[in-house]
Amino acid sequence: MGGDYCYDGSDVGLLTLLADIIPRRVEPRSIGVEQPQQKDLFTAPVTVTTDPELAERFRVELFRRLTPLSLEQLRRAWYADHPGRELMICRFLLLVWREGGRAGTMLANPHVAPFWKLAQQVGREAHRYLGFVRFRETTSGYYYASLAPDHRVLSLIAGHFADRFRDQHWVIHDLRHGEGIVYDCTRRRWLLLPMLAEGDPELTPAEETFQRLWRKYFAVLAIGERENLSLQQGKVPLKVRPWLMEFSE
Amino acid sequence: MAATIDLMDKLKTLAEGAKYDVSCASSGSHRRNRDGIGNAASCGICHSWTADGRCVSLLKILMTNCCVYDCAYCVNRRSNDIPRTGLTPAEVAELTIGFYRRNYIEGLFLSSGVVGSPDRTMELLIAAVRTLRHAYRFNGYIHLKVVPGADPLLVQQAGLVADRVSVNLELPTRKSLALLAPDKSREAVVEPMRQISSLIVANRAERKESRKVSHFAPAGQSTQLIVGASGESDRQIVTLSEQLYGKMDLKRVYYSAYIPVNDDRRLPARPLSPLRREHRLYQADWLLRYYGFSAHELLDEQCPNLESDLDPKTGWALRHQELFPVEVNRAEYGVLLRVPGVGVRSAQRIVAARRQGSLRLDDLPLLGVVMKRARYFLTARGRYAGDCSPGSTMLRSRLIAAPAKRDHGQLSLPFARELAVEAIATVISGEF
Ligand code: SF4
């Protein structure tokens, strides 16, 4: 029991690690991303070497053991940007291995509750970004949106946008985590890729017009009698406003 | 987009004229995107929030603010001296697509003043929607207003191109309608509602036979009531809503607190806390639709109006203290739903969680129960957490003395309600 574990920080790496420890019912003391420099013989954590085949087998195993709802929650927690996510996922899966599918509904269990809460947070943020993504039309023939979400929500929202905007090329760029989704409307496929920020792309003249129309429209909407800025701020936190043209200027 | 300045002005005026219409919901439709652009997400999505905290989901706009009618409460009425303008169907379509492609909106909510005749107006509205659906292959959400008195054939066409259609009932009784909206007869309003309702039912049946039959208003029908412009009691309003949900199968009834925009002898000067009343009506409406309450349980001759300092569920529970406290580990789902502080989602969670082992009081907040109210109405493993006994006369003052923080100054308005199921649940459990 116990011990400190380490992996390479990738999704496949984490799956490998879980594949290694979950069936053995090991509950680690910590799970971290490996730091090449720290090679102290006594405190060195167990480093699990990424093994795509093992990871894939374990993924299939997850699909077999988890209920659809738990799978969805796992997907959300997986993309959390939270230092404890690996451990929470691990503890939850251990419970699944012990209790079976009903683990997903044991909401009062101390190992389920934090996992569940985290998954919910990510889910909520992902849902919010379905609305907060703002595309700008670039002269290169694609629509470009940038954002900086707390969690790595792109994979959770890509399907929605791929379904909705099938007849335009688009890119959604997560500046905080340095990754982006690229959608190719001729092949109708999206890919999650590492992506650096390289300044803003050049925009079309129509883009300018629509942004102005949108700002105008937005300005009209508030009914003066009912102003409630704190409610608005709860719904549209300041940190997302740089990406929303209706809040710029 | 040549004449931009002109378009900016038109947009301003026409959005101005439409913004008092409260329905922002874009949910309930599952239009799929085959080749074109857009789909209707089954849970509505908010794209922004206005300074007054309402969800922005649809481009809500009038085709024109010209109107041959003269409704007392409306800015666009014939007798008001205001600048008049209008968009062509092509302009409406172009604006909608431009906004949609940039993910500003979920879709379009198109309404209009009455130009020429109800039929002429409907033709214009339908032309705009057809352009969107056919020329742009737009599969996004469209809510289309039906003008009272329009030809049944046009009403039918509207339902075939739109996701949701609505006829505004505006005023709860025939009498106030005649007083405040003299050009609209009750029949002109109710007839299209009936027609739509039966077309929806027929369409549902036909689509069961064959999926090839095209959808008729897949997101159903809604309506709006103006509250506070006429003298009806909450009981009259809630009872009317119950009938609309039951008999006409409406998806939503929206309540809009009357905001004075015109000086008119027929209208009340300045209604007392209209927003609070609107808020309570929405809460009562939720109790009808999701909590299994009926109108006569919430309101009767002795108390024809909702209490302004207690939410309607707590009010009901206080009048029925003999039913409480209930034991969370045994009470049926329907009974749990009636406990103040327990929402739909938390009731579901309780039912799921107690299968795994009996629940303690400490478990309840984790499941989303708002203990501030719930503790007076439930027990867990026989333990009661209220600081006065269940039947106590102090109960009422305790519950009023500890209102939710936001109830002090500003109310959270329930416009943005139809979000994700999750968001709804949070709101519900927060409210009741
Ligand atoms: S019909 Fe009545 S409510 Fe509608 S725009 Fe005309 S005056 Fe206003």
# chains A, B, ... in the order shown; residues from 1 in each chain; ligands from 1
call {"tool": "interface_residues", "arguments": {"of": "chain B", "to": "chain A", "cutoff": "7 Å", "atoms": "only C-alpha atoms", "output": "CSV table (one decimal) with N, CA, C and O atoms, in the first residue's frame"}}
result
chain,number,residue,atom,x,y,z
B,8,MET,N,-27.2,49.3,-38.5
B,8,MET,CA,-26.9,49.5,-37.0
B,8,MET,C,-28.1,50.2,-36.4
B,8,MET,O,-28.6,49.7,-35.3
B,11,LEU,N,-31.1,47.9,-36.3
B,11,LEU,CA,-31.0,46.8,-35.3
B,11,LEU,C,-31.3,47.4,-33.9
B,11,LEU,O,-31.9,46.7,-33.1
B,12,LYS,N,-30.8,48.5,-33.7
B,12,LYS,CA,-31.0,49.2,-32.4
B,12,LYS,C,-32.5,49.3,-32.1
B,12,LYS,O,-33.0,48.8,-31.1
B,15,ALA,N,-34.4,45.8,-31.9
B,15,ALA,CA,-34.0,45.0,-30.8
B,15,ALA,C,-34.7,45.6,-29.5
B,15,ALA,O,-35.2,45.0,-28.7
B,16,GLU,N,-34.6,47.0,-29.5
B,16,GLU,CA,-35.3,47.7,-28.5
B,16,GLU,C,-36.8,47.3,-28.3
B,16,GLU,O,-37.3,47.1,-27.2
B,19,LYS,N,-37.2,43.6,-26.9
B,19,LYS,CA,-36.5,43.1,-25.7
B,19,LYS,C,-37.4,42.8,-24.5
B,19,LYS,O,-37.1,42.1,-23.6
B,33,ASN,N,-28.1,18.7,-37.5
B,33,ASN,CA,-27.4,19.4,-38.6
B,33,ASN,C,-27.0,18.3,-39.6
B,33,ASN,O,-26.2,17.5,-39.3
B,36,GLY,N,-25.9,21.7,-43.6
B,36,GLY,CA,-25.8,23.1,-43.5
B,36,GLY,C,-25.1,23.5,-42.2
B,36,GLY,O,-24.1,22.9,-41.7
B,37,ILE,N,-25.6,24.5,-41.6
B,37,ILE,CA,-25.0,25.1,-40.4
B,37,ILE,C,-26.0,25.0,-39.3
B,37,ILE,O,-27.2,25.3,-39.5
B,38,GLY,N,-25.6,24.6,-38.1
B,38,GLY,CA,-26.4,24.8,-36.9
B,38,GLY,C,-27.2,23.6,-36.5
B,38,GLY,O,-27.5,22.7,-37.3
B,39,ASN,N,-27.5,23.5,-35.3
B,39,ASN,CA,-28.4,22.5,-34.7
B,39,ASN,C,-29.0,23.1,-33.5
B,39,ASN,O,-28.6,24.2,-33.0
B,45,ILE,N,-28.4,27.0,-24.5
B,45,ILE,CA,-27.1,27.5,-24.1
B,45,ILE,C,-27.2,29.0,-24.0
B,45,ILE,O,-27.7,29.7,-24.9
B,46,CYS,N,-26.6,29.6,-23.0
B,46,CYS,CA,-26.5,31.0,-22.9
B,46,CYS,C,-25.2,31.5,-23.4
B,46,CYS,O,-24.2,30.9,-23.1
B,47,HIS,N,-25.3,32.5,-24.2
B,47,HIS,CA,-24.0,33.0,-24.8
B,47,HIS,C,-23.5,34.2,-24.1
B,47,HIS,O,-22.3,34.6,-24.2
B,48,SER,N,-24.3,34.9,-23.4
B,48,SER,CA,-23.9,36.0,-22.6
B,48,SER,C,-24.9,36.4,-21.6
B,48,SER,O,-26.0,35.8,-21.6
B,49,TRP,N,-24.6,37.3,-20.7
B,49,TRP,CA,-25.6,37.8,-19.8
B,49,TRP,C,-25.7,39.3,-19.8
B,49,TRP,O,-24.6,40.0,-19.8
B,50,THR,N,-26.9,39.9,-19.8
B,50,THR,CA,-27.0,41.3,-19.9
B,50,THR,C,-26.7,41.9,-18.6
B,50,THR,O,-26.6,41.2,-17.6
B,51,ALA,N,-26.7,43.3,-18.6
B,51,ALA,CA,-26.4,44.0,-17.3
B,51,ALA,C,-27.5,43.8,-16.3
B,51,ALA,O,-27.3,44.0,-15.1
B,52,ASP,N,-28.7,43.3,-16.7
B,52,ASP,CA,-29.7,43.0,-15.7
B,52,ASP,C,-29.7,41.5,-15.4
B,52,ASP,O,-30.7,41.0,-14.9
B,53,GLY,N,-28.7,40.8,-15.9
B,53,GLY,CA,-28.6,39.4,-15.5
B,53,GLY,C,-29.4,38.4,-16.3
B,53,GLY,O,-29.7,37.3,-15.8
B,98,GLY,N,-24.8,35.7,-39.7
B,98,GLY,CA,-23.6,36.3,-39.3
B,98,GLY,C,-23.3,36.2,-37.8
B,98,GLY,O,-22.2,35.9,-37.3
B,102,ARG,N,-20.5,33.1,-35.7
B,102,ARG,CA,-19.5,33.5,-34.7
B,102,ARG,C,-19.8,33.0,-33.3
B,102,ARG,O,-19.2,33.4,-32.3
B,103,ASN,N,-20.9,32.2,-33.2
B,103,ASN,CA,-21.3,31.7,-31.9
B,103,ASN,C,-21.7,32.7,-30.9
B,103,ASN,O,-21.5,32.6,-29.7
B,104,TYR,N,-22.3,33.8,-31.4
B,104,TYR,CA,-22.9,34.8,-30.5
B,104,TYR,C,-24.3,34.3,-30.0
B,104,TYR,O,-24.7,34.7,-28.9
B,352,ALA,N,-31.1,7.9,-4.9
B,352,ALA,CA,-30.0,7.0,-5.4
B,352,ALA,C,-29.1,6.7,-4.2
B,352,ALA,O,-28.7,5.5,-4.1
B,353,ALA,N,-28.7,7.7,-3.4
B,353,ALA,CA,-27.7,7.5,-2.4
B,353,ALA,C,-28.3,6.6,-1.2
B,353,ALA,O,-27.5,5.8,-0.7
B,356,GLN,N,-27.6,2.8,-1.1
B,356,GLN,CA,-26.3,2.3,-0.7
B,356,GLN,C,-26.1,2.3,0.8
B,356,GLN,O,-25.1,1.9,1.3
B,363,ASP,N,-25.1,14.0,5.6
B,363,ASP,CA,-24.9,13.7,4.2
B,363,ASP,C,-25.8,14.6,3.3
B,363,ASP,O,-25.5,14.7,2.1
B,366,LEU,N,-24.3,17.5,1.2
B,366,LEU,CA,-23.5,17.0,0.0
B,366,LEU,C,-24.4,16.6,-1.1
B,366,LEU,O,-24.0,16.6,-2.3
call {"tool": "residues_near_ligand", "arguments": {"ligand": "ligand 1", "cutoff": "6 Å", "atoms": "only C-alpha atoms and all ligand atoms", "output": "list of chain:residue names"}}
result
B:Cys67, B:Tyr69, B:Asp70, B:Cys71, B:Cys74, B:Asn76, B:Arg77, B:Gly113, B:Val114
call {"tool": "atom_distance", "arguments": {"atom1": "atom CA of Leu244 of chain B", "atom2": "atom CA of Pro192 of chain B"}}
result
13.4 Å
call {"tool": "atom_distance", "arguments": {"atom1": "atom CA of Pro268 of chain B", "atom2": "atom CA of Ala229 of chain B"}}
result
6.2 Å
call {"tool": "select_by_dssp", "arguments": {"residues": "segment 36-249 of chain A", "states": "strand (DSSP E or B)", "output": "PyMOL selection string"}}
result
chain A and resi 46-47+136-138+142-147+169-174+179-184+189-194+203
call {"tool": "write_last_selection", "arguments": {"atoms": "N, CA and C atoms", "output": "short mmCIF file (atom, residue, chain, number, x, y, z; two decimals), in the first residue's frame"}}
result
data_model
loop_
_atom_site.label_atom_id
_atom_site.label_comp_id
_atom_site.auth_asym_id
_atom_site.auth_seq_id
_atom_site.Cartn_x
_atom_site.Cartn_y
_atom_site.Cartn_z
N VAL A 46 7.96 5.85 -7.64
CA VAL A 46 7.93 4.81 -8.66
C VAL A 46 7.51 5.46 -9.97
N THR A 47 8.32 5.37 -10.99
CA THR A 47 7.96 5.96 -12.26
C THR A 47 7.42 4.89 -13.18
N ARG A 136 -13.97 34.49 -34.75
CA ARG A 136 -13.72 35.66 -35.59
C ARG A 136 -13.32 35.15 -36.96
N GLU A 137 -13.85 35.81 -37.97
CA GLU A 137 -13.59 35.34 -39.33
C GLU A 137 -12.24 35.87 -39.81
N THR A 138 -11.34 34.98 -40.16
CA THR A 138 -10.00 35.41 -40.59
C THR A 138 -9.90 35.42 -42.11
N TYR A 142 -10.69 30.67 -42.25
CA TYR A 142 -11.24 29.90 -41.14
C TYR A 142 -11.70 30.84 -40.03
N TYR A 143 -12.52 30.32 -39.14
CA TYR A 143 -12.99 31.08 -37.99
C TYR A 143 -12.12 30.71 -36.79
N TYR A 144 -11.72 31.74 -36.05
CA TYR A 144 -10.75 31.52 -34.98
C TYR A 144 -11.31 32.02 -33.65
N ALA A 145 -11.21 31.18 -32.63
CA ALA A 145 -11.65 31.60 -31.29
C ALA A 145 -10.53 31.32 -30.30
N SER A 146 -10.23 32.27 -29.42
CA SER A 146 -9.26 31.99 -28.38
C SER A 146 -9.92 32.14 -27.02
N LEU A 147 -9.42 31.39 -26.06
CA LEU A 147 -9.96 31.45 -24.71
C LEU A 147 -8.90 30.95 -23.73
N HIS A 169 -14.48 26.09 -41.70
CA HIS A 169 -13.27 25.66 -41.00
C HIS A 169 -13.15 26.49 -39.73
N TRP A 170 -12.77 25.85 -38.64
CA TRP A 170 -12.59 26.65 -37.42
C TRP A 170 -11.51 26.11 -36.50
N VAL A 171 -11.05 27.00 -35.64
CA VAL A 171 -10.01 26.67 -34.67
C VAL A 171 -10.44 27.23 -33.33
N ILE A 172 -10.37 26.42 -32.29
CA ILE A 172 -10.57 26.96 -30.94
C ILE A 172 -9.26 26.76 -30.18
N HIS A 173 -8.74 27.84 -29.68
CA HIS A 173 -7.39 27.86 -29.13
C HIS A 173 -7.42 28.12 -27.62
N ASP A 174 -6.92 27.17 -26.85
CA ASP A 174 -6.83 27.34 -25.40
C ASP A 174 -5.45 27.93 -25.08
N GLU A 179 -3.07 24.49 -26.19
CA GLU A 179 -3.56 23.49 -27.13
C GLU A 179 -4.76 24.04 -27.88
N GLY A 180 -5.10 23.41 -28.97
CA GLY A 180 -6.21 23.92 -29.77
C GLY A 180 -6.89 22.80 -30.54
N ILE A 181 -8.15 23.05 -30.90
CA ILE A 181 -8.85 22.11 -31.78
C ILE A 181 -8.89 22.72 -33.16
N VAL A 182 -8.58 21.91 -34.13
CA VAL A 182 -8.67 22.35 -35.51
C VAL A 182 -9.73 21.50 -36.18
N TYR A 183 -10.70 22.19 -36.78
CA TYR A 183 -11.77 21.44 -37.45
C TYR A 183 -11.66 21.64 -38.96
N ASP A 184 -11.65 20.55 -39.65
CA ASP A 184 -11.53 20.59 -41.10
C ASP A 184 -12.89 20.21 -41.68
N ARG A 189 -13.57 16.52 -39.61
CA ARG A 189 -12.84 15.92 -38.51
C ARG A 189 -12.23 16.99 -37.64
N TRP A 190 -12.11 16.71 -36.36
CA TRP A 190 -11.38 17.65 -35.51
C TRP A 190 -10.21 16.96 -34.83
N LEU A 191 -9.20 17.76 -34.55
CA LEU A 191 -8.00 17.24 -33.90
C LEU A 191 -7.61 18.17 -32.78
N LEU A 192 -7.16 17.60 -31.68
CA LEU A 192 -6.62 18.40 -30.58
C LEU A 192 -5.11 18.43 -30.75
N LEU A 193 -4.55 19.62 -30.87
CA LEU A 193 -3.11 19.74 -31.14
C LEU A 193 -2.48 20.72 -30.17
N PRO A 194 -1.20 20.52 -29.87
CA PRO A 194 -0.49 21.56 -29.12
C PRO A 194 -0.47 22.81 -29.98
N LEU A 203 -8.13 39.68 -39.70
CA LEU A 203 -9.58 39.49 -39.78
C LEU A 203 -10.17 40.09 -41.05
#
call {"tool": "atom_distance", "arguments": {"atom1": "atom CA of Arg349 of chain B", "atom2": "atom CA of Phe324 of chain B"}}
result
20.4 Å
call {"tool": "residues_around", "arguments": {"residues": "Asp81 of chain A", "least_positions_apart": "4", "cutoff": "8 Å", "atoms": "only C-alpha atoms", "output": "list in words"}}
result
Arg85, Asp150, His151 and Arg152 of chain A
